[in-house]
Each structure stands twice: as structure tokens, then as C-alpha cells.
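For reference, entry28.pdb is printed below; it contains PDB, C-alpha atoms.
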ATOM      1  CA  MET L   1      15.123  12.764   1.692
ATOM      2  CA  LYS L   2      14.389  16.103   0.108
ATOM      3  CA  ILE L   3      11.266  15.922  -2.060
ATOM      4  CA  ASP L   4      10.951  18.469  -4.854
ATOM      5  CA  SER L   5      10.377  18.779  -8.590
ATOM      6  CA  ASN L   6      13.454  16.639  -9.241
ATOM      7  CA  THR L   7      11.945  13.715  -7.331
ATOM      8  CA  ALA L   8      10.113  10.956  -9.188
ATOM      9  CA  ALA L   9       7.609   8.802  -7.321
ATOM     10  CA  VAL L  10       5.440   5.784  -8.080
ATOM     11  CA  VAL L  11       2.169   5.114  -6.261
ATOM     12  CA  THR L  12       0.256   1.896  -6.850
ATOM     13  CA  GLY L  13      -3.486   1.962  -6.315
ATOM     14  CA  GLY L  14      -3.299   5.699  -6.876
ATOM     15  CA  ALA L  15      -6.700   5.982  -8.548
ATOM     16  CA  SER L  16      -8.562   6.135  -5.236
ATOM     17  CA  GLY L  17      -8.450   5.883  -1.454
ATOM     18  CA  LEU L  18      -5.130   5.735   0.359
ATOM     19  CA  GLY L  19      -3.173   5.556  -2.887
ATOM     20  CA  ARG L  20      -4.808   8.680  -4.259
ATOM     21  CA  ALA L  21      -4.142  10.551  -1.002
ATOM     22  CA  SER L  22      -0.489   9.481  -1.178
ATOM     23  CA  ALA L  23      -0.172  10.600  -4.781
ATOM     24  CA  GLU L  24      -1.766  13.967  -3.993
ATOM     25  CA  ALA L  25       0.490  14.510  -0.981
ATOM     26  CA  LEU L  26       3.624  13.758  -2.990
ATOM     27  CA  ALA L  27       2.509  15.927  -5.914
ATOM     28  CA  ALA L  28       1.863  18.820  -3.524
ATOM     29  CA  THR L  29       5.594  18.828  -2.709
ATOM     30  CA  GLY L  30       6.409  19.151  -6.403
ATOM     31  CA  ALA L  31       7.254  15.479  -6.975
ATOM     32  CA  LYS L  32       6.577  13.900 -10.368
ATOM     33  CA  VAL L  33       4.106  11.111  -9.620
ATOM     34  CA  ALA L  34       3.247   8.051 -11.680
ATOM     35  CA  ILE L  35      -0.082   6.376 -10.865
ATOM     36  CA  PHE L  36      -0.189   2.581 -11.230
ATOM     37  CA  ASP L  37      -3.754   1.226 -11.310
ATOM     38  CA  VAL L  38      -6.096  -1.018 -13.288
ATOM     39  CA  ASN L  39      -8.864   1.618 -13.269
ATOM     40  CA  GLU L  40      -7.928   3.577 -16.350
ATOM     41  CA  ALA L  41     -10.586   6.305 -16.166
ATOM     42  CA  ALA L  42     -10.104   7.110 -12.465
ATOM     43  CA  GLY L  43      -6.331   6.745 -12.655
ATOM     44  CA  GLN L  44      -6.043   9.110 -15.607
ATOM     45  CA  GLU L  45      -8.300  11.611 -13.837
ATOM     46  CA  VAL L  46      -6.018  11.647 -10.770
ATOM     47  CA  ALA L  47      -2.882  11.846 -12.908
ATOM     48  CA  ASP L  48      -4.285  14.809 -14.830
ATOM     49  CA  ALA L  49      -5.319  16.553 -11.609
ATOM     50  CA  ILE L  50      -1.850  16.294 -10.039
ATOM     51  CA  GLY L  51       0.187  16.785 -13.213
ATOM     52  CA  GLY L  52       1.443  13.218 -13.180
ATOM     53  CA  ILE L  53       1.303  10.227 -15.491
ATOM     54  CA  PHE L  54      -1.023   7.214 -15.485
ATOM     55  CA  CYS L  55       0.248   3.693 -16.124
ATOM     56  CA  LYS L  56      -2.303   0.904 -16.431
ATOM     57  CA  VAL L  57      -0.760  -1.787 -14.257
ATOM     58  CA  ASP L  58      -1.997  -5.126 -12.971
ATOM     59  CA  ILE L  59       0.088  -5.787  -9.849
ATOM     60  CA  THR L  60      -0.455  -9.544 -10.173
ATOM     61  CA  SER L  61       1.340  -9.576 -13.543
ATOM     62  CA  GLU L  62       5.141  -9.335 -13.691
ATOM     63  CA  GLU L  63       4.987  -8.223 -17.312
ATOM     64  CA  SER L  64       2.468  -5.482 -16.542
ATOM     65  CA  VAL L  65       4.482  -4.135 -13.593
ATOM     66  CA  VAL L  66       7.742  -4.130 -15.554
ATOM     67  CA  ALA L  67       6.021  -2.240 -18.392
ATOM     68  CA  GLY L  68       4.556   0.237 -15.899
ATOM     69  CA  PHE L  69       7.941   1.035 -14.394
ATOM     70  CA  ALA L  70       9.432   1.424 -17.882
ATOM     71  CA  LYS L  71       6.708   3.921 -18.873
ATOM     72  CA  ALA L  72       6.997   5.888 -15.630
ATOM     73  CA  ARG L  73      10.794   6.079 -15.802
ATOM     74  CA  ALA L  74      10.732   7.142 -19.455
ATOM     75  CA  ALA L  75       8.474  10.058 -18.513
ATOM     76  CA  HIS L  76       9.842  11.115 -15.103
ATOM     77  CA  GLY L  77      13.205   9.443 -14.666
ATOM     78  CA  GLN L  78      14.086   6.811 -12.098
ATOM     79  CA  GLU L  79      11.796   6.929  -9.057
ATOM     80  CA  ARG L  80      13.258   7.596  -5.614
ATOM     81  CA  ILE L  81       9.964   7.018  -3.797
ATOM     82  CA  THR L  82       7.594   4.086  -4.205
ATOM     83  CA  VAL L  83       4.345   3.738  -2.274
ATOM     84  CA  HIS L  84       2.503   0.468  -2.733
ATOM     85  CA  CYS L  85      -1.209   0.629  -1.858
ATOM     86  CA  ALA L  86      -2.813  -1.626  -4.471
ATOM     87  CA  MET L  87      -4.013  -5.126  -3.579
ATOM     88  CA  THR L  88      -6.540  -7.794  -4.451
ATOM     89  CA  SER L  89      -7.829 -10.573  -2.214
ATOM     90  CA  ARG L  90     -10.806 -12.709  -1.209
ATOM     91  CA  ARG L  91     -12.646 -13.237   2.060
ATOM     92  CA  GLY L  92     -13.773 -16.305   3.911
ATOM     93  CA  LYS L  93     -13.399 -18.438   7.043
ATOM     94  CA  THR L  94     -11.076 -21.394   7.203
ATOM     95  CA  LEU L  95     -14.181 -23.543   7.768
ATOM     96  CA  ALA L  96     -17.700 -22.173   7.284
ATOM     97  CA  PHE L  97     -21.103 -23.858   7.295
ATOM     98  CA  ASP L  98     -22.514 -24.215   3.790
ATOM     99  CA  LYS L  99     -26.312 -24.158   4.096
ATOM    100  CA  GLU L 100     -26.809 -25.557   0.611
ATOM    101  CA  ALA L 101     -24.493 -28.509   1.209
ATOM    102  CA  GLY L 102     -25.508 -28.847   4.840
ATOM    103  CA  LYS L 103     -21.948 -29.204   6.057
ATOM    104  CA  LEU L 104     -18.749 -27.340   6.844
ATOM    105  CA  LYS L 105     -16.858 -26.154   3.790
ATOM    106  CA  ARG L 106     -13.150 -25.367   3.729
ATOM    107  CA  LEU L 107     -11.845 -22.136   2.241
ATOM    108  CA  SER L 108     -10.085 -23.384  -0.859
ATOM    109  CA  THR L 109      -6.332 -23.348  -1.251
ATOM    110  CA  GLU L 110      -6.903 -21.615  -4.587
ATOM    111  CA  ASP L 111      -8.718 -18.735  -2.856
ATOM    112  CA  TYR L 112      -5.888 -18.481  -0.346
ATOM    113  CA  ILE L 113      -3.256 -18.437  -3.084
ATOM    114  CA  TYR L 114      -5.192 -15.712  -4.916
ATOM    115  CA  GLY L 115      -5.028 -13.430  -1.876
ATOM    116  CA  VAL L 116      -1.368 -14.152  -1.168
ATOM    117  CA  GLN L 117      -0.557 -13.369  -4.788
ATOM    118  CA  GLY L 118      -2.595 -10.152  -4.690
ATOM    119  CA  ILE L 119      -1.150  -8.897  -1.397
ATOM    120  CA  LEU L 120       2.156 -10.483  -0.397
ATOM    121  CA  VAL L 121       3.672 -11.540  -3.709
ATOM    122  CA  ALA L 122       2.575  -8.268  -5.335
ATOM    123  CA  SER L 123       4.244  -6.319  -2.523
ATOM    124  CA  TYR L 124       7.517  -8.156  -3.113
ATOM    125  CA  ARG L 125       7.173  -7.687  -6.876
ATOM    126  CA  ILE L 126       6.624  -3.926  -6.668
ATOM    127  CA  ALA L 127       9.278  -3.355  -3.995
ATOM    128  CA  SER L 128      12.008  -5.501  -5.539
ATOM    129  CA  LEU L 129      11.526  -4.196  -9.083
ATOM    130  CA  SER L 130      11.540  -0.625  -7.784
ATOM    131  CA  ALA L 131      14.674  -1.293  -5.708
ATOM    132  CA  GLU L 132      16.399  -2.715  -8.768
ATOM    133  CA  GLY L 133      15.895   0.612 -10.512
ATOM    134  CA  MET L 134      16.652   2.734  -7.443
ATOM    135  CA  ALA L 135      20.032   1.049  -7.092
ATOM    136  CA  GLY L 136      21.220   3.143 -10.039
ATOM    137  CA  ASN L 137      20.274   6.482  -8.451
ATOM    138  CA  GLU L 138      22.937   8.908  -7.320
ATOM    139  CA  PRO L 139      23.038   8.775  -3.508
ATOM    140  CA  ASN L 140      22.268  11.811  -1.385
ATOM    141  CA  GLU L 141      24.488  13.035   1.463
ATOM    142  CA  ASP L 142      23.369  10.077   3.631
ATOM    143  CA  GLY L 143      24.051   7.626   0.846
ATOM    144  CA  GLU L 144      20.310   7.188   0.284
ATOM    145  CA  ARG L 145      19.040   6.142  -3.129
ATOM    146  CA  GLY L 146      15.381   5.489  -2.443
ATOM    147  CA  CYS L 147      12.504   4.857  -0.072
ATOM    148  CA  ILE L 148       9.832   2.156  -0.386
ATOM    149  CA  THR L 149       6.630   2.221   1.661
ATOM    150  CA  LEU L 150       4.384  -0.833   1.680
ATOM    151  CA  THR L 151       0.798  -0.937   2.942
ATOM    152  CA  ALA L 152      -0.010  -3.597   5.504
ATOM    153  CA  SER L 153      -3.023  -3.322   7.843
ATOM    154  CA  VAL L 154      -3.937  -3.532  11.507
ATOM    155  CA  ALA L 155      -5.309  -6.930  10.429
ATOM    156  CA  ALA L 156      -1.686  -8.043  10.234
ATOM    157  CA  GLN L 157      -1.768  -8.050  14.032
ATOM    158  CA  ASP L 158      -5.519  -8.137  14.789
ATOM    159  CA  GLY L 159      -6.882 -10.408  12.062
ATOM    160  CA  GLN L 160     -10.619 -10.905  12.486
ATOM    161  CA  ILE L 161     -12.921 -13.828  11.789
ATOM    162  CA  GLY L 162     -13.111 -14.184   8.017
ATOM    163  CA  GLN L 163      -9.740 -12.513   7.455
ATOM    164  CA  ILE L 164      -7.552 -15.613   7.286
ATOM    165  CA  ILE L 165      -6.298 -14.629   3.821
ATOM    166  CA  TYR L 166      -6.097 -10.881   4.342
ATOM    167  CA  GLY L 167      -4.664 -10.995   7.867
ATOM    168  CA  SER L 168      -1.947 -13.523   7.172
ATOM    169  CA  ALA L 169      -0.948 -11.971   3.844
ATOM    170  CA  LYS L 170      -0.738  -8.498   5.405
ATOM    171  CA  ALA L 171       1.341  -9.995   8.231
ATOM    172  CA  GLY L 172       3.590 -11.305   5.481
ATOM    173  CA  VAL L 173       3.952  -7.767   4.130
ATOM    174  CA  ASN L 174       5.255  -6.693   7.535
ATOM    175  CA  GLY L 175       7.516  -9.731   7.449
ATOM    176  CA  LEU L 176       9.117  -8.426   4.245
ATOM    177  CA  VAL L 177      10.126  -5.125   5.790
ATOM    178  CA  LEU L 178      13.066  -5.934   8.070
ATOM    179  CA  PRO L 179      14.872  -8.479   5.857
ATOM    180  CA  MET L 180      14.343  -6.360   2.749
ATOM    181  CA  ALA L 181      15.571  -3.227   4.545
ATOM    182  CA  ARG L 182      18.651  -5.178   5.632
ATOM    183  CA  ASP L 183      19.143  -6.616   2.143
ATOM    184  CA  LEU L 184      19.068  -3.109   0.665
ATOM    185  CA  SER L 185      20.970  -1.273   3.405
ATOM    186  CA  ASP L 186      24.325  -1.414   1.591
ATOM    187  CA  ILE L 187      22.652   0.142  -1.458
ATOM    188  CA  GLY L 188      20.982   2.931   0.517
ATOM    189  CA  ILE L 189      17.314   2.019   0.061
ATOM    190  CA  ARG L 190      14.918   2.203   3.010
ATOM    191  CA  VAL L 191      11.830   0.013   3.430
ATOM    192  CA  ASN L 192       8.881   0.602   5.791
ATOM    193  CA  SER L 193       5.216  -0.318   6.042
ATOM    194  CA  ILE L 194       2.109   1.449   7.279
ATOM    195  CA  MET L 195      -0.684  -0.466   9.026
ATOM    196  CA  PRO L 196      -3.830   1.623   8.551
ATOM    197  CA  GLY L 197      -6.865   1.054  10.730
ATOM    198  CA  ILE L 198     -10.385   1.969   9.601
ATOM    199  CA  PHE L 199     -10.155   4.715   6.981
ATOM    200  CA  ALA L 200     -12.798   6.725   5.163
ATOM    201  CA  THR L 201     -11.948   5.413   1.706
ATOM    202  CA  PRO L 202     -14.575   5.305  -1.060
ATOM    203  CA  LEU L 203     -14.942   1.549  -0.528
ATOM    204  CA  MET L 204     -15.539   1.958   3.215
ATOM    205  CA  LEU L 205     -17.925   4.883   2.726
ATOM    206  CA  GLY L 206     -20.146   2.590   0.685
ATOM    207  CA  ALA L 207     -21.289   0.956   3.948
ATOM    208  CA  LYS L 208     -24.532   1.911   5.671
ATOM    209  CA  GLN L 209     -24.391   4.936   7.968
ATOM    210  CA  ASN L 210     -25.143   2.901  11.093
ATOM    211  CA  VAL L 211     -22.187   0.645  10.285
ATOM    212  CA  LEU L 212     -19.929   3.656   9.787
ATOM    213  CA  ASP L 213     -21.136   5.177  13.054
ATOM    214  CA  SER L 214     -20.419   1.933  14.904
ATOM    215  CA  LEU L 215     -16.946   1.682  13.406
ATOM    216  CA  ALA L 216     -16.164   5.291  14.332
ATOM    217  CA  ALA L 217     -17.339   4.679  17.900
ATOM    218  CA  SER L 218     -14.967   1.716  18.185
ATOM    219  CA  VAL L 219     -11.905   3.942  17.698
ATOM    220  CA  PRO L 220     -10.528   5.055  21.106
ATOM    221  CA  PHE L 221      -9.400   8.502  19.923
ATOM    222  CA  PRO L 222     -10.185  10.373  17.849
ATOM    223  CA  LYS L 223     -13.611   8.749  17.534
ATOM    224  CA  ARG L 224     -13.858   8.831  13.771
ATOM    225  CA  LEU L 225     -12.564   7.027  10.739
ATOM    226  CA  GLY L 226      -9.085   7.883   9.565
ATOM    227  CA  LYS L 227      -8.775  10.473   6.825
ATOM    228  CA  PRO L 228      -6.921   9.363   3.679
ATOM    229  CA  GLU L 229      -4.864  12.574   3.848
ATOM    230  CA  GLU L 230      -3.547  11.420   7.260
ATOM    231  CA  PHE L 231      -2.184   8.342   5.530
ATOM    232  CA  GLY L 232      -0.661  10.580   2.851
ATOM    233  CA  SER L 233       0.951  12.715   5.556
ATOM    234  CA  LEU L 234       2.682   9.665   7.030
ATOM    235  CA  VAL L 235       3.854   8.616   3.575
ATOM    236  CA  LEU L 236       5.582  12.001   3.264
ATOM    237  CA  GLU L 237       7.182  11.742   6.712
ATOM    238  CA  LEU L 238       8.530   8.265   6.004
ATOM    239  CA  ALA L 239      10.105   9.552   2.801
ATOM    240  CA  ARG L 240      11.498  12.757   4.294
ATOM    241  CA  ASN L 241      12.834  11.339   7.557
ATOM    242  CA  GLY L 242      15.864   9.268   6.610
ATOM    243  CA  TYR L 243      16.077   7.579  10.005
ATOM    244  CA  PHE L 244      12.813   5.733   9.471
ATOM    245  CA  ASN L 245      13.892   2.316   8.257
ATOM    246  CA  ALA L 246      12.541  -1.219   8.733
ATOM    247  CA  GLN L 247       9.504   0.105  10.618
ATOM    248  CA  CYS L 248       5.935  -1.255  10.594
ATOM    249  CA  ILE L 249       3.802   1.601  11.886
ATOM    250  CA  ARG L 250       0.173   1.452  13.021
ATOM    251  CA  LEU L 251      -1.987   4.408  11.999
ATOM    252  CA  ASP L 252      -5.234   3.576  13.721
ATOM    253  CA  GLY L 253      -6.415   5.920  16.499
ATOM    254  CA  ALA L 254      -5.361   3.257  19.042
ATOM    255  CA  ILE L 255      -7.941   0.731  17.844
ATOM    256  CA  ARG L 256      -7.433  -2.969  18.514
ATOM    257  CA  MET L 257      -9.781  -5.028  16.384
ATOM    258  CA  ALA L 258     -12.164  -7.443  18.113
ATOM    259  CA  PRO L 259     -12.501 -11.038  16.824
ATOM    260  CA  ARG L 260     -15.512  -9.956  14.727
TER     261      ARG L 260
END
Have the structure of the file written as C-alpha cells, please.
Amino acid sequence: MKIDSNTAAVVTGGASGLGRASAEALAATGAKVAIFDVNEAAGQEVADAIGGIFCKVDITSEESVVAGFAKARAAHGQERITVHCAMTSRRGKTLAFDKEAGKLKRLSTEDYIYGVQGILVASYRIASLSAEGMAGNEPNEDGERGCITLTASVAAQDGQIGQIIYGSAKAGVNGLVLPMARDLSDIGIRVNSIMPGIFATPLMLGAKQNVLDSLAASVPFPKRLGKPEEFGSLVLELARNGYFNAQCIRLDGAIRMAPR
């Protein structure tokens, strides 16, 4: 896909971290980028910096997402590129000892549902609603109408202790990719996912320096945390290279996560 000033893109979670890096990378090509995020101040700041538009969107709300797409399309036209980085989840072990109760406590089904809604269901919601709009695009010379990139995680394959929600929901994101790509193949819409490893996002950089040093040392090569702009670079390649379809790609410096 050729990306230029005629290309509209949507990036969820674009106010910070991997989403911001994706939005900046797309804007640098000339694309018109809409930022979907719940953080209004940070999202507007990024949108202003890249010449895009901010849409306050809660990815767990169908109504909010539909309204976000309507606002973005009214401003920029129908998107051809969607990058979904936003998520919300909880953490906990399937069974963990509760000191106060003096016994094992089960991670609640409600907590599990919350994470699945915030990761897996939200990924389907964003991708399917975007595809519905992309279906009306004029196809390019390959018959392509759009490209959707979802964000999974190395935890989809290497889920650690305490990541029962996150790991299984991110594995579900990867599980969406092939059937959705096949569903949308006749329409000319590609679907892929990226599985980032340990990246130097603002959230991660809030950890203590010794923790960051230990994490960096655990990466085989290069021995450092991933740079958000490296994620953004892959987002661009997945959009530009029309033969990438139905792929779940690790971006992790060859790390394989230990149980804890």
C-alpha cells in the first residue's frame, strides 16, 4: 500500500507508548492520523504535534468506538490503515494465597471477563468496525482496500505466572488474525498482529532502574529494551508490504519469557 497525504489512518492508544510511536510513524509519511484514546490531554497533544485529530474513545464501549470512527472519517475520510494498540486488563494468578483469609483465593471470573473484554473483544470490535468502513474504499492495483494491525504480545506464546488473563487474551488476538484475514480476503483487507517483547514505553520506564537493567540483560540481542519507534517501523512495513497477510510477528530481540 502506498502511504501518503491521501491516506487516512486510525491508531488506538495513540496518546502514548507503542500507539504514539505508530501514529508518529504514519504521520511522518504524510498520512492523516486519528488518535483514539481515553486520555484527552495527552491524546490531543499528540494529535496537535502530528497534525492529526483526537477522538476520545473507550475501546470497551461499542457506542464510543462507533462515534470515534464517525468523527475520524468526517475529518479525514475513510481510513485505509488501522493500528490497534489500546487495551485494559487486570493481573492475578488462577489461585493465589490470600494472607488475610489464610487460604487460596481464585482469580474471579469477573476479573477474567474484564481482561477479555479489554483485550480480545476490543480487538474484534475495532477491527470489524474498521473493516466495515474499509469495504467501501476504492481498491488499489492489487485489489486492496485496507490493512489492520492488531497488537498481541510475546505473552501470547510465553505467558508468565500471573498473566492468565493477559496471556490468554493476547493469544486470542493472534487467534483472530487468520480467520479474519480469510473472512476479509475477498474484500481486499489484510489483517496482521505484532507481538512486542519488552519495550521502553512510559509505563515500563516507571520501574526501578535495577529492574530495567535486569530486563534488558534478559534480551538475547540487542541487550536493551525495544524502542517504540521500532514498533512504529514495523507498523509501516506491514501497511506498505501488501504480501504481509494473516501474520503474527514477534518483535522481541529473540527473548523467550521465563515462567516468572
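Between CA of Ser123 (chain L) and CA of Glu237 (chain L) the interatomic distance comes to 20.5 Å.
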*Leaving out Gly232 (chain L) and any residue of its chain fewer than 5 positions from it, which residues lie within 9 Å of it when counting all atoms listed in the file, given as a PyMOL selection string?*
chain L and resi 18-26+237
*CA of Ser153 (chain L) to CA of Gly175 (chain L), distance in Å rounded to a single decimal*: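 Interatomic distance, CA of Ser153 (chain L) to CA of Gly175 (chain L): 12.3 Å.
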*Neighbours of Ala72 (chain L) within 9 Å (all atoms listed in the file; same-chain residues fewer than 3 positions away dropped), as a list in words?*
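Surrounding residues, per the criterion: Ala8, Ala9, Val10, Val33, Ala34, Ile35, Ile53, Phe54, Cys55, Ala67, Gly68, Phe69, Ala75, His76, Gly77, Gln78 and Glu79 of chain L.
Across the model, the gap from CA of Lys170 (chain L) to CA of Arg250 (chain L) is 12.6 Å.
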*With the file shown as input, list the residues that the PyMOL selection byres ((chain L and resi 94-97) around 8) selects, as JSON, numbers by chain.*
{"L": [92, 93, 98, 99, 102, 103, 104, 105, 106, 107, 162, 164]}
*Explicit residues for the PyMOL selection byres ((chain L and resi 60) around 8) (as a PyMOL selection string)*: chain L and resi 58-59+61-62+117-118+121-122
What box, with edges along x, y and z, holds each listed atom of region 53-57 of chain L when 5 Å is added on every side, and can you state its centre and edge lengths in Å to one decimal, as JSON?
{"center_x": -0.5, "center_y": 4.2, "center_z": -15.3, "size_x": 13.6, "size_y": 22.0, "size_z": 12.2}
_Phe244 (chain L) surroundings by only C-alpha atoms, 12 Å radius, close-in-sequence under 2 positions cut, as a PyMOL selection string_ = chain L and resi 1+144+147-149+177-178+181+189-194+234-242+246-249
*Between L:Ala42, L:Ile165, L:Met180, L:Ala70, which is the closest to Thr109 (chain L) once you count only C-alpha atoms?*
L:Ile165
_Under the rule that all atoms listed in the file are counted, which of L:Pro202, L:Pro220, L:Gly115, L:Pro196 is the nearest residue to Gly172 (chain L)?_
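Residue with the minimum atom-to-atom distance to Gly172 (chain L): L:Gly115.
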Distance query Ala156 (chain L) at most 10 Å, all atoms listed in the file, self and fewer than 3 positions along chain excluded, as a short mmCIF file (atom, residue, chain, number, x, y, z; two decimals) with C-alpha atoms, in the frame of the given file:
data_model
loop_
_atom_site.label_atom_id
_atom_site.label_comp_id
_atom_site.auth_asym_id
_atom_site.auth_seq_id
_atom_site.Cartn_x
_atom_site.Cartn_y
_atom_site.Cartn_z
CA ALA L 152 -0.01 -3.60 5.50
CA SER L 153 -3.02 -3.32 7.84
CA GLY L 159 -6.88 -10.41 12.06
CA GLN L 160 -10.62 -10.90 12.49
CA GLN L 163 -9.74 -12.51 7.46
CA TYR L 166 -6.10 -10.88 4.34
CA GLY L 167 -4.66 -11.00 7.87
CA SER L 168 -1.95 -13.52 7.17
CA ALA L 169 -0.95 -11.97 3.84
CA LYS L 170 -0.74 -8.50 5.40
CA ALA L 171 1.34 -9.99 8.23
CA GLY L 172 3.59 -11.30 5.48
CA VAL L 173 3.95 -7.77 4.13
CA ASN L 174 5.26 -6.69 7.54
CA GLY L 175 7.52 -9.73 7.45
CA MET L 195 -0.68 -0.47 9.03
#
*Selected residue of minimal separation from Val219 (chain L) among L:Gly43, L:Pro259, L:Gly253, L:Gly52, counting only C-alpha atoms*: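 Nearest to Val219 (chain L): L:Gly253.
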*Counting all atoms listed in the file, the option among L:Ile126, L:Val46, L:Ala131, L:Ile198 closest to Glu230 (chain L)*: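 Using all atoms listed in the file, Glu230 (chain L) sits closest to L:Ile198.
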*Kindly indicate which residue among L:Arg260, L:Ala15, L:Gly197, L:Tyr112 lies nearest to Ala155 (chain L), using all atoms listed in the file for the distances.*
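Closest to Ala155 (chain L) of all the choices is L:Gly197.
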If we count all atoms listed in the file, what is near Asp158 (chain L) at a cut-off of 7 Å, once residues fewer than 3 positions away on the same chain are taken out, given as a PDB file with C-alpha atoms, keeping the file's coordinate frame?
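Final output, saved to around_7.pdb:
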ATOM      1  CA  VAL L 154      -3.937  -3.532  11.507  1.00  0.00           C
ATOM      2  CA  ALA L 155      -5.309  -6.930  10.429  1.00  0.00           C
ATOM      3  CA  ARG L 256      -7.433  -2.969  18.514  1.00  0.00           C
ATOM      4  CA  MET L 257      -9.781  -5.028  16.384  1.00  0.00           C
TER       5      MET L 257
END
*Report the residues retrieved by the PyMOL selection byres ((chain L and resi 38) around 7) from the displayed file, expressed as a list in words.*
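That expression, the PyMOL selection byres ((chain L and resi 38) around 7), corresponds here to Asp37, Asn39, Glu40, Lys56, Val57 and Asp58 of chain L.
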*Using all atoms listed in the file, which residue out of L:Leu150, L:Ala217, L:Ile161, L:Arg80 lies closest to Gly136 (chain L)?*
L:Arg80
